[in-house]
Every structure is written in structure tokens, then in C-alpha cells.
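What follows is a short report on a single structure.
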Amino acid sequence: MPMGADMASSPDLPSTDPTSGPEPAGGERRGRVRYRRAAVLAVPATLVAAALAVLTAEGALGVQFAISGMPFTVTATELNGTGFEQFGGLDNMAEGSPNAGDTGGQVLVVTSAIKNATLTKLCQSVDLGGTNLLIKAGQGEKKVTATDLTTDSTELSGDAAFDNIEIGNDASTLDKANAKGPIGVFSQQADTVHIANLRQTNYATTAAVFKLPGLKLGFSDSGC
């Protein structure tokens with residue numbers, strides 16, 4: 001779901017003024033950090049990943065809980081939300097995770113946050129290698145509801161509609177949901193979001209409240 005997490009913002013850092021003469025090494029580094037921030041989500045994905053990795057290493061981006069590195073699929077026939085935000089981020093696996101592969105334990109994601117959300121016929125599955133852990137809820141009259149819902153996604157599809165959308169915001173200034181991204185990062189927000197036939201590949205989900213009527217959990221040969 002565009003919902004894709006809560007990231008801490010970080011203080012702005014001054015850039016180097018090329019007209020003011022030589023700067024000490026520390027000033028040059030701060031200037032480079034600001035330049036990389038400005039480039040996030042404005043260049044191809046491979047360069048974005050490199051920029052985010054540098055910023056995280058230098059402490060310029062906040063980090064959430066350590067993810068397992070195992071993606072999971074989420075589907076819903078319909079999602080409706082009020083207070084929607086979306087921005088880029090970087091998730092980190094626990095040190096030494098066997099799922100890191102050649103990624104360095106980092107995954108470039110799109111974080112989506114919704115203040116209040118309802119989902120119809122929610123399905124979530126995790127491929128455990130030969131079998132799937134399957135969770136279903138909201139299959140009947142009662143819908144799944146969530147407050148301060150965020151998801152970190154690498155893929156998202158569906159038929160979407162937004163009310164009063166703003167595109168190109170600085171992620172640190174978002175105010176529609178209870179989340180803010182890093183300063184200098186491209187983002188968007190809207191008063192409401194509606195997505196039909198939602199399908200996501202996620203690495204993390206958080207919520208202040210998550211109600212799952214008719215919850216069913218089990219193993220299956222197929223996922224969502």
C-alpha cells in the first residue's frame with residue numbers, strides 16, 4: 001500500500017560557498033552531504049541507492065528497526081485512507097544477516113504513510129522456501145483498520161486516486177500523516193488516497209493500531 005515507515009529528519013547542513021575561498025576539510029564534507037541529499041530520488045535508482053548509503057553512513061538519515069531482509073507480499077481489493085505521505089528511504093538488515101547477499105544489508109524503499117486506513121480482503125504472504133506463511137483478514141463485512149500505518153515497499157501496483165495531492169515536497173515538511181522523511185528528499189502527500197486491486201512487495205510495516213477482523217494464519221503452497 002502506498003504506505004510503504006517513520007523516518008527521523010536530520011538538521012540541515014550548510015553547503016560550501018565556492019566564492020568564499022578555501023574551506024576546511026569539515027566544511028567540504030558538509031557541502032558534499034547537502035549535494036547528495038538534493039540528488040535523492042531525482043536521479044536513476046542506482047545513483048539514489050549510492051547517495052542514500054553515503055548519507056546513512058554519515059548519520060544524515062534516521063534508521064528504523066533492523067529488517068529481516070525477507071520481502072513479503074500484501075494485497076487488498078481496496079484501500080482507503082486519509083492523510084497520505086510518500087517518500088524514499090533506506091532500510092537496513094541486522095548485521096551479519098544471511099539475507100544481505102551483495103546488497104550490503106541495505107534495501108532502497110519507498111515509504112508510504114497513512115494516518116487512518118481501511119483495507120478490504122487483506123492478504124499477506126511470506127515465501128519461506130517451499131511453503132508460504134499466509135495471513136488473511138477483513139474477508140467478511142468488517143474491514144481491516146489501521147492508524148499511523150507505514151509500509152516500506154520496493155514494488156506497488158493498483159488503480160489509485162488522490163484528493164488534493166502535492167508532488168515535490170521536501171520530505172521533512174510533510175504534515176498529512178504522522179511521519180516525516182529526511183530533509184532534501186523528494187516526496188508527495190495528499191488529503192486522501194484510494195487504491196483498488198492493491199499489490200505490494202514490502203520489507204517493513206508499522207502501525208500504532210492494527211485491527212484484523214477474521215484473522216486467519218497458516219501455511220500454503222501459494223502466496224497472495
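Here, A, B, ... name the chains of the C-alpha cells in the order displayed, residue numbers run from 1 inside each chain, and ligands are numbered from 1 in the same displayed order.
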
When DSSP works through the backbone of this structure, what residues of stretch 49-146 of chain A end up as alpha helix (DSSP H), shown as a tab-separated table (two decimals) with N, CA, C and O atoms, in the first residue's frame?
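out26.tsv, freshly written:
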```tsv
chain	number	residue	atom	x	y	z
A	49	ALA	N	20.49	4.87	-4.63
A	49	ALA	CA	20.94	3.91	-3.63
A	49	ALA	C	22.31	4.29	-3.09
A	49	ALA	O	22.56	4.23	-1.88
A	50	ALA	N	23.20	4.70	-3.98
A	50	ALA	CA	24.54	5.09	-3.55
A	50	ALA	C	24.49	6.32	-2.65
A	50	ALA	O	25.16	6.39	-1.63
A	51	ALA	N	23.67	7.30	-3.04
A	51	ALA	CA	23.56	8.53	-2.24
A	51	ALA	C	22.99	8.24	-0.86
A	51	ALA	O	23.48	8.74	0.16
A	52	LEU	N	21.94	7.41	-0.81
A	52	LEU	CA	21.33	7.07	0.48
A	52	LEU	C	22.30	6.30	1.36
A	52	LEU	O	22.34	6.50	2.58
A	53	ALA	N	23.10	5.42	0.75
A	53	ALA	CA	24.07	4.66	1.52
A	53	ALA	C	25.10	5.60	2.16
A	53	ALA	O	25.47	5.44	3.32
A	54	VAL	N	25.56	6.59	1.40
A	54	VAL	CA	26.53	7.55	1.93
A	54	VAL	C	25.91	8.35	3.07
A	54	VAL	O	26.52	8.54	4.13
A	55	LEU	N	24.67	8.81	2.88
A	55	LEU	CA	24.02	9.62	3.91
A	55	LEU	C	23.80	8.82	5.18
A	55	LEU	O	23.98	9.34	6.29
A	56	THR	N	23.39	7.56	5.05
A	56	THR	CA	23.18	6.73	6.23
A	56	THR	C	24.50	6.51	6.97
A	56	THR	O	24.57	6.60	8.19
A	57	ALA	N	25.57	6.25	6.22
A	57	ALA	CA	26.88	6.03	6.83
A	57	ALA	C	27.35	7.27	7.58
A	57	ALA	O	28.02	7.17	8.61
```

* To do: Could you give me, as a ChimeraX atom specification, the residues within 6 Å of stretch 106-108 of chain A, counting only C-alpha atoms and dropping anything in the same chain fewer than 4 positions from it?
  => /A:90-92

Take the residues just selected and output them with C-alpha atoms as a compact mmCIF listing (two decimals), in the first residue's frame.
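So selection-v4.txt came out as:
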```txt
# COMPACT_ATOMS: atom_id res chain seq x y z
CA LEU A 90 16.77 3.06 3.06
CA ASP A 91 16.10 0.02 5.26
CA ASN A 92 18.92 -1.86 6.97
```

* To do: Excluding A:Ala137 and residues on its chain fewer than 5 positions from it, collect all residues at most 6 Å away from it, counting only C-alpha atoms, and give them as a list in words.
  =>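 Using only C-alpha atoms, the neighbours found are Leu122, Leu212, Pro213, Gly214 and Leu215 of chain A.
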
Quick one: residues within 12 Å of A:Asn99, only C-alpha atoms, excluding same-chain residues fewer than 4 positions away - as an mmCIF file with all heavy atoms, in the first residue's frame?
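Listing of result37.cif after writing:
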```
data_model
loop_
_atom_site.group_PDB
_atom_site.id
_atom_site.type_symbol
_atom_site.label_atom_id
_atom_site.label_comp_id
_atom_site.auth_asym_id
_atom_site.auth_seq_id
_atom_site.Cartn_x
_atom_site.Cartn_y
_atom_site.Cartn_z
ATOM 1 N N ILE A 67 15.503 -4.768 9.571
ATOM 2 C CA ILE A 67 14.587 -5.645 8.849
ATOM 3 C C ILE A 67 15.210 -7.018 8.664
ATOM 4 O O ILE A 67 16.433 -7.177 8.714
ATOM 5 C CB ILE A 67 14.216 -5.044 7.478
ATOM 6 C CG1 ILE A 67 15.459 -4.904 6.590
ATOM 7 C CG2 ILE A 67 13.518 -3.710 7.657
ATOM 8 C CD1 ILE A 67 15.146 -4.529 5.154
ATOM 9 N N SER A 68 14.366 -8.031 8.418
ATOM 10 C CA SER A 68 14.879 -9.391 8.215
ATOM 11 C C SER A 68 15.537 -9.539 6.854
ATOM 12 O O SER A 68 16.387 -10.406 6.669
ATOM 13 C CB SER A 68 13.725 -10.405 8.314
ATOM 14 O OG SER A 68 12.843 -10.268 7.200
ATOM 15 N N GLY A 69 15.119 -8.704 5.895
ATOM 16 C CA GLY A 69 15.624 -8.830 4.536
ATOM 17 C C GLY A 69 14.821 -9.800 3.697
ATOM 18 O O GLY A 69 15.159 -10.061 2.541
ATOM 19 N N MET A 70 13.720 -10.333 4.250
ATOM 20 C CA MET A 70 12.824 -11.223 3.515
ATOM 21 C C MET A 70 11.600 -10.415 3.078
ATOM 22 O O MET A 70 10.819 -9.970 3.916
ATOM 23 C CB MET A 70 12.387 -12.409 4.380
ATOM 24 C CG MET A 70 13.526 -13.309 4.806
ATOM 25 S SD MET A 70 12.960 -14.664 5.874
ATOM 26 C CE MET A 70 11.941 -15.596 4.720
ATOM 27 N N PRO A 71 11.408 -10.219 1.778
ATOM 28 C CA PRO A 71 10.253 -9.446 1.321
ATOM 29 C C PRO A 71 8.958 -10.214 1.528
ATOM 30 O O PRO A 71 8.943 -11.444 1.557
ATOM 31 C CB PRO A 71 10.541 -9.247 -0.169
ATOM 32 C CG PRO A 71 11.380 -10.424 -0.551
ATOM 33 C CD PRO A 71 12.231 -10.720 0.656
ATOM 34 N N ASN A 92 17.682 -1.141 6.661
ATOM 35 C CA ASN A 92 18.918 -1.856 6.975
ATOM 36 C C ASN A 92 18.625 -3.176 7.672
ATOM 37 O O ASN A 92 17.788 -3.237 8.577
ATOM 38 C CB ASN A 92 19.808 -1.002 7.883
ATOM 39 C CG ASN A 92 20.331 0.226 7.180
ATOM 40 O OD1 ASN A 92 21.392 0.199 6.574
ATOM 41 N ND2 ASN A 92 19.587 1.315 7.239
ATOM 42 N N MET A 93 19.317 -4.229 7.257
ATOM 43 C CA MET A 93 19.204 -5.529 7.909
ATOM 44 C C MET A 93 20.112 -5.580 9.133
ATOM 45 O O MET A 93 21.024 -4.761 9.284
ATOM 46 C CB MET A 93 19.593 -6.641 6.930
ATOM 47 C CG MET A 93 18.775 -6.677 5.659
ATOM 48 S SD MET A 93 19.352 -7.949 4.505
ATOM 49 C CE MET A 93 18.697 -7.280 2.960
ATOM 50 N N ALA A 94 19.840 -6.557 9.981
ATOM 51 C CA ALA A 94 20.717 -6.772 11.132
ATOM 52 C C ALA A 94 22.108 -7.146 10.634
ATOM 53 O O ALA A 94 22.267 -7.799 9.591
ATOM 54 C CB ALA A 94 20.164 -7.878 12.012
ATOM 55 N N GLU A 95 23.119 -6.725 11.368
ATOM 56 C CA GLU A 95 24.498 -7.007 10.972
ATOM 57 C C GLU A 95 24.725 -8.511 10.861
ATOM 58 O O GLU A 95 24.342 -9.281 11.752
ATOM 59 C CB GLU A 95 25.473 -6.414 11.988
ATOM 60 C CG GLU A 95 26.930 -6.543 11.589
ATOM 61 C CD GLU A 95 27.865 -5.843 12.557
ATOM 62 O OE1 GLU A 95 27.364 -5.176 13.483
ATOM 63 O OE2 GLU A 95 29.093 -5.974 12.375
ATOM 64 N N THR A 103 23.934 -6.865 -1.297
ATOM 65 C CA THR A 103 23.326 -5.544 -1.088
ATOM 66 C C THR A 103 24.000 -4.747 0.015
ATOM 67 O O THR A 103 23.679 -3.568 0.196
ATOM 68 C CB THR A 103 21.836 -5.688 -0.723
ATOM 69 O OG1 THR A 103 21.735 -6.307 0.579
ATOM 70 C CG2 THR A 103 21.100 -6.535 -1.738
ATOM 71 N N GLY A 104 24.890 -5.381 0.765
ATOM 72 C CA GLY A 104 25.461 -4.703 1.918
ATOM 73 C C GLY A 104 24.481 -4.604 3.070
ATOM 74 O O GLY A 104 24.693 -3.860 4.026
ATOM 75 N N GLY A 105 23.373 -5.349 2.986
ATOM 76 C CA GLY A 105 22.377 -5.333 4.061
ATOM 77 C C GLY A 105 21.440 -4.151 3.996
ATOM 78 O O GLY A 105 20.765 -3.853 4.981
ATOM 79 N N GLN A 106 21.380 -3.467 2.837
ATOM 80 C CA GLN A 106 20.533 -2.293 2.702
ATOM 81 C C GLN A 106 19.572 -2.460 1.530
ATOM 82 O O GLN A 106 19.908 -3.053 0.514
ATOM 83 C CB GLN A 106 21.373 -1.037 2.494
ATOM 84 C CG GLN A 106 22.270 -0.728 3.688
ATOM 85 C CD GLN A 106 23.118 0.505 3.460
ATOM 86 O OE1 GLN A 106 23.625 0.698 2.362
ATOM 87 N NE2 GLN A 106 23.279 1.311 4.482
ATOM 88 N N VAL A 107 18.337 -1.942 1.713
ATOM 89 C CA VAL A 107 17.314 -2.027 0.678
ATOM 90 C C VAL A 107 16.731 -0.631 0.446
ATOM 91 O O VAL A 107 16.276 0.020 1.386
ATOM 92 C CB VAL A 107 16.180 -2.988 1.084
ATOM 93 C CG1 VAL A 107 15.120 -3.061 -0.019
ATOM 94 C CG2 VAL A 107 16.725 -4.377 1.383
#
```
